[in-house]
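K.L.:
First, the structure itself, so that you have it in front of you.
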Amino acid sequence: MVKRTVCSILLLVLSLPGWAQPRAELLPSATPADWLLVIEADGVRQGNELEITPLLRQFAVGRVTMSRVSTPVQQLTRWQIPLHLTSQPDDPAGMAIAPLKLGNEWTPELTLKAPAPQPTLPAPPPPAALEMEAQLDHQGPLYPGQPVIYRLTLWLPTTMQHPGLSELNSPHFIIRRLGNDEWLPPVQSGLPGRLTRSWLIQAKAAGLWLIDSPRLQGQLPQNGGQLQRLAARAAPLQVRVDQAPATPVASRLLLTQRIEPTAEGHAGEPLIRVITITLENGDSSQVQLAPLMAQQLPAGLLAHPDGEQQQERYREGKLLFEREWRQTLLAHEAGEYQLPALTLPWFNTASGRIEQAKLPATRLVFQPASQQHAGESLPLANESLWWVLLALLLRGLRCNSSRWLAFYRLQRALASQQSEQSRQALRDWLSFFAPIGSTKPSNTEPLQRWQAELDRACFAPLAPVVPWRTISRELCHVETVGIAQLLALIAHRFPLRG
């Protein structure tokens with residue numbers, strides 16, 4: 001009975017963690033000559049307890065790493081030892097590693113084993129190719145300010161997710177997006193679609209410039225539901241910009257002139273000279289007609305600048321630019337006056353030659369001064385219509401607010417009988433009816449007549465009597481009648497002061 005009890009206690013003591021034998025394992029690495037030896041022993045051990053000298057006879061030993069792991073029921077010391085075969089045997093499999101001394105214990109003997117063959121996995125599909133092409137829609141020399149289209153074409157898989165294309169950017173060019181993107185779907189499943197985006201660019205100066213393509217990025221689904229990130233750019237374009245001639249550069253230039261209201265007037269009453277220049281695919285910054293208009297005029301004829309306006313638009317593949325100069329002409333004495341011809345040299349990019357845009361000499365006739373008639377006072381509207389007109393005003397305020405505000409300012413200036421303010425307000429209001437290139441109102445005769453009346457009030461040596469009420473009333477027939485009557489009524493109740 002005592003002998004059996006002693007044996008049970010001995011087996012229990014041997015089974016405790018502190019009495020377990022050290023454990024060792026060899027793990028293969030990336031190459032057949034590299035291995036990792038892992039040794040574990042129970043309890044807290046010191047680093048100098050493990051003797052690794054026998055390993056030096058067979059391997060080049062790397063840096064030994066020792067770590068301790070503590071849990072509520074166990075303490076463990078672990079060594080990780082990188083091994084590299086210094087001489088590659090014909091068959092390293094079966095090569096023995098002698099036991100290593102660890103304190104009063106020994107590690108088990110190990111043998112090198114050939115790594116288990118890894119299952120062959122299908123090769124991942126190659127990254128999808130993103131095709132991009134950049135080109136300039138231009139042939140022949142290119143000059144500063146001359147517009148040209150930069151077109152970027154992309155062939156994109158229809159399964160691409162979250163595509164993003166950056167904007168074209170270059171410090172050497174003025175760049176503007178042109179129209180909307182064009183998308184052409186693939187003709188059959190599995191093929192890429194085609195996306196085209198265009199920009200209008202204008203070189204700032206002569207030189208040889210490099211334009212980097214916008215960057216495309218996105219994600220493409222792969223087998224297994226993963227997303228592959230993709231990014232690409234088209235090849236950069238090298239653009240040569242030649243030195244521009246000292247003349248306006250365009251593919252087409254048109255110079256026109258008109259006299260308002262006609263080429264005949266009265267002494268002391270101004271005529272308005274309007275010169276318009278139209279450029280096609282040209283540099284508008286080079287166009288200056290004011291110096292030409294200020295050239296020597298016939299004796300007795302005075303000229304005053306009367307402002308200018310311009311408009312730029314892209315239509316049917318062409319960049320069209322129009323600028324209009326106005327000039328007031330005034331003669332103190334009756335007679336005939338000859339405006340000199342105007343000549344503007346310009347460089348034709350289509351023909352590669354310098355050409356001349358000309359305006360012929362213009363004959364003006366001024367008759368003796370006419371008798372002015374006193375103004376008349378006419379009622380504008382019946383105040384009983386106040387609420388009806390107010391309802392009409394509120395109904396159309398959203399679509400015509402800017403134009404009606406200009407008309408209201410015109411009526412306030414007329415009510416205050418201020419010539420210069422009325423003349424400028426009339427021009428501002430008319431700009432909503434007749435911007436450059438659009439259709440003018442059909443009833444233009446009274447507009448021209450009252451515009452000339454206000455011009456005479458501003459520029460004539462002897463200020464004429466202006467029929468303010470008549471002008472105000474007739475202008476109401478050109479604007480929306482009910483709204484115009486209401487605006488005129490309000491304006492005459494609250495005219496401009498000072």
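Letters for chains follow the order of the structure tokens (A, B, ...), residue numbers begin at 1 for each chain, and ligand numbers begin at 1 in the order shown.
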Env of A:Arg353: 12 Å cut, atoms = only C-alpha atoms, seq-sep filter 2 positions within chain, self excluded. Answer as number ranges by chain.

P.N.:
A: 245, 247-252, 345-351, 355-356

K.L.:
Write the residues of the preceding selection, restricted to C-alpha atoms, as a short mmCIF file (atom, residue, chain, number, x, y, z; two decimals), in the first residue's frame.

P.N.:
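Writing done, so here's result.cif:
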```
data_model
loop_
_atom_site.label_atom_id
_atom_site.label_comp_id
_atom_site.auth_asym_id
_atom_site.auth_seq_id
_atom_site.Cartn_x
_atom_site.Cartn_y
_atom_site.Cartn_z
CA PRO A 245 3.03 88.81 -85.29
CA THR A 247 -1.13 92.13 -85.39
CA PRO A 248 -4.32 90.34 -84.29
CA VAL A 249 -4.18 86.61 -85.03
CA ALA A 250 -7.32 84.78 -86.18
CA SER A 251 -8.65 82.41 -88.81
CA ARG A 252 -11.22 85.04 -89.81
CA PRO A 345 -3.86 94.58 -90.40
CA TRP A 346 -4.28 91.05 -89.07
CA PHE A 347 -2.61 87.67 -89.49
CA ASN A 348 -4.74 85.01 -91.18
CA THR A 349 -3.82 81.63 -89.65
CA ALA A 350 -5.68 79.82 -92.43
CA SER A 351 -3.60 81.34 -95.24
CA GLU A 355 -4.28 90.72 -94.50
CA GLN A 356 -6.08 94.07 -94.17
#
```

K.L.:
Could you pull the residues within 9 Å of A:Gln243, counting only C-alpha atoms, minus those fewer than 3 positions along the same chain, as a compact mmCIF listing (two decimals) with N, CA and C atoms, in the first residue's frame?

P.N.:
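The resulting part07.txt:
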```txt
# COMPACT_ATOMS: atom_id res chain seq x y z
N LEU A 142 1.02 77.48 -84.37
CA LEU A 142 0.16 77.88 -83.27
C LEU A 142 0.77 79.11 -82.61
N TYR A 143 -0.09 80.11 -82.28
CA TYR A 143 0.39 81.38 -81.76
C TYR A 143 -0.25 81.64 -80.40
N PRO A 144 0.37 82.49 -79.58
CA PRO A 144 -0.23 82.80 -78.27
C PRO A 144 -1.64 83.35 -78.42
N ALA A 205 2.17 82.37 -73.91
CA ALA A 205 3.37 82.96 -74.48
C ALA A 205 3.98 81.96 -75.45
N ALA A 206 4.88 82.45 -76.29
CA ALA A 206 5.57 81.59 -77.24
C ALA A 206 6.58 80.71 -76.50
N GLY A 207 6.83 79.52 -77.05
CA GLY A 207 7.79 78.61 -76.45
C GLY A 207 7.43 77.18 -76.78
```

K.L.:
So which bits of stretch 244-377 of chain A end up strand (DSSP E or B) when you DSSP the backbone, as an mmCIF file with N, CA and C atoms, in the first residue's frame?

P.N.:
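So the final result, stored in part-v9.cif, reads:
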```cif
data_model
loop_
_atom_site.group_PDB
_atom_site.id
_atom_site.type_symbol
_atom_site.label_atom_id
_atom_site.label_comp_id
_atom_site.auth_asym_id
_atom_site.auth_seq_id
_atom_site.Cartn_x
_atom_site.Cartn_y
_atom_site.Cartn_z
ATOM 1 N N VAL A 249 -4.298 87.925 -84.416
ATOM 2 C CA VAL A 249 -4.176 86.608 -85.034
ATOM 3 C C VAL A 249 -5.534 85.921 -84.980
ATOM 4 N N ALA A 250 -6.021 85.447 -86.129
ATOM 5 C CA ALA A 250 -7.320 84.782 -86.184
ATOM 6 C C ALA A 250 -7.416 84.014 -87.492
ATOM 7 N N ARG A 252 -10.310 84.168 -89.066
ATOM 8 C CA ARG A 252 -11.218 85.042 -89.813
ATOM 9 C C ARG A 252 -11.455 86.295 -88.987
ATOM 10 N N LEU A 253 -11.462 87.459 -89.626
ATOM 11 C CA LEU A 253 -11.697 88.722 -88.940
ATOM 12 C C LEU A 253 -12.624 89.573 -89.802
ATOM 13 N N LEU A 254 -13.653 90.121 -89.165
ATOM 14 C CA LEU A 254 -14.641 90.936 -89.871
ATOM 15 C C LEU A 254 -14.785 92.258 -89.141
ATOM 16 N N LEU A 255 -14.722 93.351 -89.885
ATOM 17 C CA LEU A 255 -14.831 94.697 -89.331
ATOM 18 C C LEU A 255 -16.041 95.380 -89.947
ATOM 19 N N THR A 256 -16.983 95.825 -89.107
ATOM 20 C CA THR A 256 -18.198 96.470 -89.598
ATOM 21 C C THR A 256 -18.440 97.763 -88.831
ATOM 22 N N GLN A 257 -19.308 98.610 -89.401
ATOM 23 C CA GLN A 257 -19.597 99.917 -88.808
ATOM 24 C C GLN A 257 -21.044 100.291 -89.091
ATOM 25 N N ARG A 258 -21.661 101.003 -88.148
ATOM 26 C CA ARG A 258 -22.995 101.554 -88.370
ATOM 27 C C ARG A 258 -23.094 102.895 -87.646
ATOM 28 N N ILE A 259 -23.962 103.754 -88.161
ATOM 29 C CA ILE A 259 -24.211 105.074 -87.582
ATOM 30 C C ILE A 259 -25.646 105.096 -87.078
ATOM 31 N N GLU A 260 -25.849 105.497 -85.842
ATOM 32 C CA GLU A 260 -27.182 105.547 -85.249
ATOM 33 C C GLU A 260 -27.559 106.997 -84.950
ATOM 34 N N GLU A 264 -27.364 110.947 -91.239
ATOM 35 C CA GLU A 264 -27.751 112.343 -91.349
ATOM 36 C C GLU A 264 -28.360 112.792 -90.034
ATOM 37 N N GLY A 265 -27.980 113.990 -89.594
ATOM 38 C CA GLY A 265 -28.499 114.528 -88.354
ATOM 39 C C GLY A 265 -28.597 116.036 -88.432
ATOM 40 N N HIS A 266 -28.663 116.677 -87.282
ATOM 41 C CA HIS A 266 -28.748 118.130 -87.210
ATOM 42 C C HIS A 266 -27.561 118.652 -86.418
ATOM 43 N N LEU A 271 -24.550 112.066 -83.241
ATOM 44 C CA LEU A 271 -24.733 110.776 -83.898
ATOM 45 C C LEU A 271 -23.824 109.754 -83.200
ATOM 46 N N ILE A 272 -24.280 108.525 -83.164
ATOM 47 C CA ILE A 272 -23.518 107.463 -82.504
ATOM 48 C C ILE A 272 -22.884 106.573 -83.573
ATOM 49 N N ARG A 273 -21.565 106.470 -83.521
ATOM 50 C CA ARG A 273 -20.821 105.598 -84.419
ATOM 51 C C ARG A 273 -20.467 104.311 -83.665
ATOM 52 N N VAL A 274 -20.850 103.169 -84.230
ATOM 53 C CA VAL A 274 -20.617 101.867 -83.597
ATOM 54 C C VAL A 274 -19.769 101.028 -84.550
ATOM 55 N N ILE A 275 -18.598 100.603 -84.076
ATOM 56 C CA ILE A 275 -17.706 99.729 -84.849
ATOM 57 C C ILE A 275 -17.636 98.378 -84.149
ATOM 58 N N THR A 276 -17.854 97.327 -84.909
ATOM 59 C CA THR A 276 -17.858 95.965 -84.371
ATOM 60 C C THR A 276 -16.800 95.153 -85.077
ATOM 61 N N ILE A 277 -16.003 94.432 -84.289
ATOM 62 C CA ILE A 277 -15.005 93.516 -84.843
ATOM 63 C C ILE A 277 -15.361 92.111 -84.398
ATOM 64 N N THR A 278 -15.333 91.170 -85.325
ATOM 65 C CA THR A 278 -15.642 89.767 -85.061
ATOM 66 C C THR A 278 -14.428 88.924 -85.401
ATOM 67 N N LEU A 279 -13.955 88.149 -84.413
ATOM 68 C CA LEU A 279 -12.822 87.260 -84.610
ATOM 69 C C LEU A 279 -13.276 85.815 -84.508
ATOM 70 N N GLU A 280 -12.716 84.991 -85.364
ATOM 71 C CA GLU A 280 -12.968 83.558 -85.330
ATOM 72 C C GLU A 280 -11.652 82.849 -85.006
ATOM 73 N N LEU A 301 -15.761 118.615 -86.426
ATOM 74 C CA LEU A 301 -16.437 117.395 -85.980
ATOM 75 C C LEU A 301 -15.741 116.901 -84.708
ATOM 76 N N LEU A 302 -16.497 116.778 -83.630
ATOM 77 C CA LEU A 302 -15.957 116.344 -82.345
ATOM 78 C C LEU A 302 -16.379 114.898 -82.078
ATOM 79 N N ALA A 303 -15.494 114.162 -81.402
ATOM 80 C CA ALA A 303 -15.769 112.752 -81.074
ATOM 81 C C ALA A 303 -15.511 112.528 -79.593
ATOM 82 N N HIS A 304 -16.393 111.749 -78.971
ATOM 83 C CA HIS A 304 -16.254 111.375 -77.560
ATOM 84 C C HIS A 304 -16.470 109.873 -77.445
ATOM 85 N N PRO A 305 -15.593 109.163 -76.722
ATOM 86 C CA PRO A 305 -15.828 107.721 -76.523
ATOM 87 C C PRO A 305 -17.111 107.490 -75.736
ATOM 88 N N ASP A 306 -17.822 106.439 -76.120
ATOM 89 C CA ASP A 306 -19.125 106.162 -75.515
ATOM 90 C C ASP A 306 -19.215 104.730 -75.013
ATOM 91 N N GLY A 307 -18.060 104.160 -74.615
ATOM 92 C CA GLY A 307 -18.055 102.827 -74.027
ATOM 93 C C GLY A 307 -17.895 101.731 -75.049
ATOM 94 N N GLU A 308 -17.796 100.506 -74.535
ATOM 95 C CA GLU A 308 -17.643 99.326 -75.386
ATOM 96 C C GLU A 308 -18.219 98.121 -74.648
ATOM 97 N N GLN A 309 -18.499 97.073 -75.404
ATOM 98 C CA GLN A 309 -18.955 95.822 -74.833
ATOM 99 C C GLN A 309 -18.446 94.686 -75.692
ATOM 100 N N GLN A 310 -18.359 93.500 -75.094
ATOM 101 C CA GLN A 310 -17.821 92.359 -75.824
ATOM 102 C C GLN A 310 -18.530 91.087 -75.411
ATOM 103 N N GLN A 311 -18.373 90.074 -76.262
ATOM 104 C CA GLN A 311 -18.999 88.774 -76.015
ATOM 105 C C GLN A 311 -18.147 87.699 -76.651
ATOM 106 N N GLU A 312 -18.021 86.570 -75.944
ATOM 107 C CA GLU A 312 -17.247 85.437 -76.439
ATOM 108 C C GLU A 312 -18.086 84.175 -76.299
ATOM 109 N N ARG A 313 -18.110 83.343 -77.335
ATOM 110 C CA ARG A 313 -18.888 82.112 -77.285
ATOM 111 C C ARG A 313 -18.244 81.071 -78.195
ATOM 112 N N TYR A 314 -18.498 79.817 -77.876
ATOM 113 C CA TYR A 314 -17.976 78.702 -78.670
ATOM 114 C C TYR A 314 -19.154 78.037 -79.362
ATOM 115 N N ARG A 315 -19.077 77.958 -80.688
ATOM 116 C CA ARG A 315 -20.203 77.431 -81.452
ATOM 117 C C ARG A 315 -19.687 76.737 -82.698
ATOM 118 N N LYS A 318 -15.966 76.486 -83.288
ATOM 119 C CA LYS A 318 -15.225 77.731 -83.472
ATOM 120 C C LYS A 318 -15.427 78.626 -82.259
ATOM 121 N N LEU A 319 -14.352 79.305 -81.860
ATOM 122 C CA LEU A 319 -14.421 80.297 -80.787
ATOM 123 C C LEU A 319 -14.647 81.658 -81.436
ATOM 124 N N LEU A 320 -15.826 82.239 -81.201
ATOM 125 C CA LEU A 320 -16.198 83.518 -81.792
ATOM 126 C C LEU A 320 -16.105 84.608 -80.737
ATOM 127 N N PHE A 321 -15.465 85.695 -81.105
ATOM 128 C CA PHE A 321 -15.311 86.835 -80.202
ATOM 129 C C PHE A 321 -15.791 88.087 -80.923
ATOM 130 N N GLU A 322 -16.631 88.861 -80.244
ATOM 131 C CA GLU A 322 -17.151 90.107 -80.805
ATOM 132 C C GLU A 322 -16.934 91.230 -79.797
ATOM 133 N N ARG A 323 -16.419 92.321 -80.273
ATOM 134 C CA ARG A 323 -16.254 93.515 -79.442
ATOM 135 C C ARG A 323 -16.832 94.703 -80.196
ATOM 136 N N GLU A 324 -17.537 95.556 -79.442
ATOM 137 C CA GLU A 324 -18.230 96.700 -80.037
ATOM 138 C C GLU A 324 -17.763 97.977 -79.352
ATOM 139 N N TRP A 325 -17.301 98.937 -80.158
ATOM 140 C CA TRP A 325 -16.903 100.257 -79.664
ATOM 141 C C TRP A 325 -17.949 101.289 -80.090
ATOM 142 N N ARG A 326 -18.268 102.213 -79.186
ATOM 143 C CA ARG A 326 -19.231 103.274 -79.473
ATOM 144 C C ARG A 326 -18.519 104.621 -79.366
ATOM 145 N N GLN A 327 -18.906 105.533 -80.249
ATOM 146 C CA GLN A 327 -18.305 106.862 -80.298
ATOM 147 C C GLN A 327 -19.396 107.876 -80.647
ATOM 148 N N THR A 328 -19.444 108.966 -79.878
ATOM 149 C CA THR A 328 -20.410 110.033 -80.136
ATOM 150 C C THR A 328 -19.777 111.084 -81.026
ATOM 151 N N LEU A 329 -20.435 111.403 -82.144
ATOM 152 C CA LEU A 329 -19.959 112.411 -83.108
ATOM 153 C C LEU A 329 -20.889 113.616 -83.058
ATOM 154 N N LEU A 330 -20.288 114.805 -82.964
ATOM 155 C CA LEU A 330 -21.072 116.029 -82.808
ATOM 156 C C LEU A 330 -20.482 117.128 -83.688
ATOM 157 N N ALA A 331 -21.339 117.774 -84.471
ATOM 158 C CA ALA A 331 -20.924 118.897 -85.318
ATOM 159 C C ALA A 331 -21.659 120.153 -84.873
ATOM 160 N N GLY A 335 -23.398 120.926 -92.450
ATOM 161 C CA GLY A 335 -22.502 120.653 -93.554
ATOM 162 C C GLY A 335 -22.230 119.170 -93.688
ATOM 163 N N GLU A 336 -21.311 118.841 -94.641
ATOM 164 C CA GLU A 336 -20.906 117.460 -94.871
ATOM 165 C C GLU A 336 -19.528 117.232 -94.260
ATOM 166 N N TYR A 337 -19.373 116.063 -93.628
ATOM 167 C CA TYR A 337 -18.114 115.699 -92.988
ATOM 168 C C TYR A 337 -17.743 114.285 -93.435
ATOM 169 N N GLN A 338 -16.436 114.089 -93.671
ATOM 170 C CA GLN A 338 -15.953 112.809 -94.167
ATOM 171 C C GLN A 338 -15.131 112.119 -93.076
ATOM 172 N N LEU A 339 -15.662 110.977 -92.569
ATOM 173 C CA LEU A 339 -14.866 110.174 -91.637
ATOM 174 C C LEU A 339 -13.816 109.403 -92.418
ATOM 175 N N LEU A 342 -10.743 103.315 -92.185
ATOM 176 C CA LEU A 342 -9.982 102.600 -91.160
ATOM 177 C C LEU A 342 -9.384 101.342 -91.772
ATOM 178 N N THR A 343 -8.128 101.061 -91.427
ATOM 179 C CA THR A 343 -7.432 99.869 -91.910
ATOM 180 C C THR A 343 -6.821 99.148 -90.719
ATOM 181 N N LEU A 344 -7.138 97.866 -90.563
ATOM 182 C CA LEU A 344 -6.622 97.064 -89.457
ATOM 183 C C LEU A 344 -5.901 95.851 -90.029
ATOM 184 N N PRO A 345 -4.563 95.789 -89.940
ATOM 185 C CA PRO A 345 -3.855 94.584 -90.398
ATOM 186 C C PRO A 345 -4.038 93.436 -89.393
ATOM 187 N N TRP A 346 -4.149 92.229 -89.919
ATOM 188 C CA TRP A 346 -4.283 91.051 -89.067
ATOM 189 C C TRP A 346 -3.666 89.845 -89.769
ATOM 190 N N PHE A 347 -3.268 88.860 -88.949
ATOM 191 C CA PHE A 347 -2.610 87.666 -89.487
ATOM 192 C C PHE A 347 -3.636 86.559 -89.633
ATOM 193 N N ASN A 348 -3.793 86.068 -90.864
ATOM 194 C CA ASN A 348 -4.738 85.009 -91.177
ATOM 195 C C ASN A 348 -4.049 83.660 -90.976
ATOM 196 N N ARG A 353 -0.871 84.477 -94.035
ATOM 197 C CA ARG A 353 -0.469 85.792 -94.549
ATOM 198 C C ARG A 353 -1.109 86.904 -93.728
ATOM 199 N N ILE A 354 -0.487 88.065 -93.763
ATOM 200 C CA ILE A 354 -1.053 89.256 -93.137
ATOM 201 C C ILE A 354 -2.017 89.902 -94.119
ATOM 202 N N GLU A 355 -3.258 90.128 -93.665
ATOM 203 C CA GLU A 355 -4.277 90.724 -94.501
ATOM 204 C C GLU A 355 -4.749 92.031 -93.880
ATOM 205 N N GLN A 356 -5.601 92.757 -94.606
ATOM 206 C CA GLN A 356 -6.081 94.069 -94.175
ATOM 207 C C GLN A 356 -7.604 94.035 -94.062
ATOM 208 N N ALA A 357 -8.087 94.396 -92.889
ATOM 209 C CA ALA A 357 -9.518 94.609 -92.716
ATOM 210 C C ALA A 357 -9.777 96.106 -92.838
ATOM 211 N N LYS A 358 -10.687 96.489 -93.716
ATOM 212 C CA LYS A 358 -10.869 97.907 -94.033
ATOM 213 C C LYS A 358 -12.320 98.337 -93.845
ATOM 214 N N LEU A 359 -12.472 99.587 -93.418
ATOM 215 C CA LEU A 359 -13.753 100.276 -93.422
ATOM 216 C C LEU A 359 -13.613 101.482 -94.341
ATOM 217 N N THR A 362 -16.591 107.326 -94.526
ATOM 218 C CA THR A 362 -18.029 107.472 -94.280
ATOM 219 C C THR A 362 -18.425 108.943 -94.374
ATOM 220 N N ARG A 363 -19.493 109.210 -95.126
ATOM 221 C CA ARG A 363 -19.974 110.579 -95.323
ATOM 222 C C ARG A 363 -21.108 110.860 -94.341
ATOM 223 N N LEU A 364 -20.957 111.930 -93.563
ATOM 224 C CA LEU A 364 -21.972 112.368 -92.612
ATOM 225 C C LEU A 364 -22.512 113.720 -93.052
ATOM 226 N N VAL A 365 -23.826 113.867 -92.887
ATOM 227 C CA VAL A 365 -24.479 115.129 -93.263
ATOM 228 C C VAL A 365 -25.198 115.666 -92.030
ATOM 229 N N PHE A 366 -24.913 116.918 -91.683
ATOM 230 C CA PHE A 366 -25.587 117.583 -90.567
ATOM 231 C C PHE A 366 -26.401 118.749 -91.111
ATOM 232 N N GLN A 367 -27.708 118.695 -90.900
ATOM 233 C CA GLN A 367 -28.606 119.762 -91.297
ATOM 234 C C GLN A 367 -28.593 120.874 -90.235
#
```

K.L.:
Could you list, as a PyMOL selection string, every residue within 10 Å of A:Leu100, counting only C-alpha atoms and ignoring same-chain residues fewer than 4 positions away?

P.N.:
chain A and resi 22+24+39+50-55+105-109

K.L.:
Which residue, A:Glu474, A:Asp34, A:Asp283, A:Glu131, has the smallest gap to A:Ala231 when you use only C-alpha atoms?

P.N.:
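Nearest to A:Ala231: A:Glu131.
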
K.L.:
Have a look at A:His84, A:Arg427, A:Arg233, A:His492 and name the one nearest to A:Arg57; count only C-alpha atoms.

P.N.:
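The closest residue to A:Arg57 is A:His84.
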
K.L.:
Could you work out how far atom CA of A:Pro147 lies from atom CA of A:Ala203, giving the answer in Å with one decimal?

P.N.:
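Atom-to-atom, atom CA of A:Ala203 to atom CA of A:Pro147, that is 7.8 Å.
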
K.L.:
Could you check how far atom CA of A:Thr86 sits from atom CA of A:Leu110, in Å to one decimal?

P.N.:
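That distance, rounded to one decimal, is 18.1 Å.
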
K.L.:
Please indicate the distance in Å from atom CA of A:Glu25 to atom CA of A:Gln74, rounded to one decimal place.

P.N.:
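Atom CA of A:Gln74 lies at a distance of 20.1 Å from atom CA of A:Glu25.
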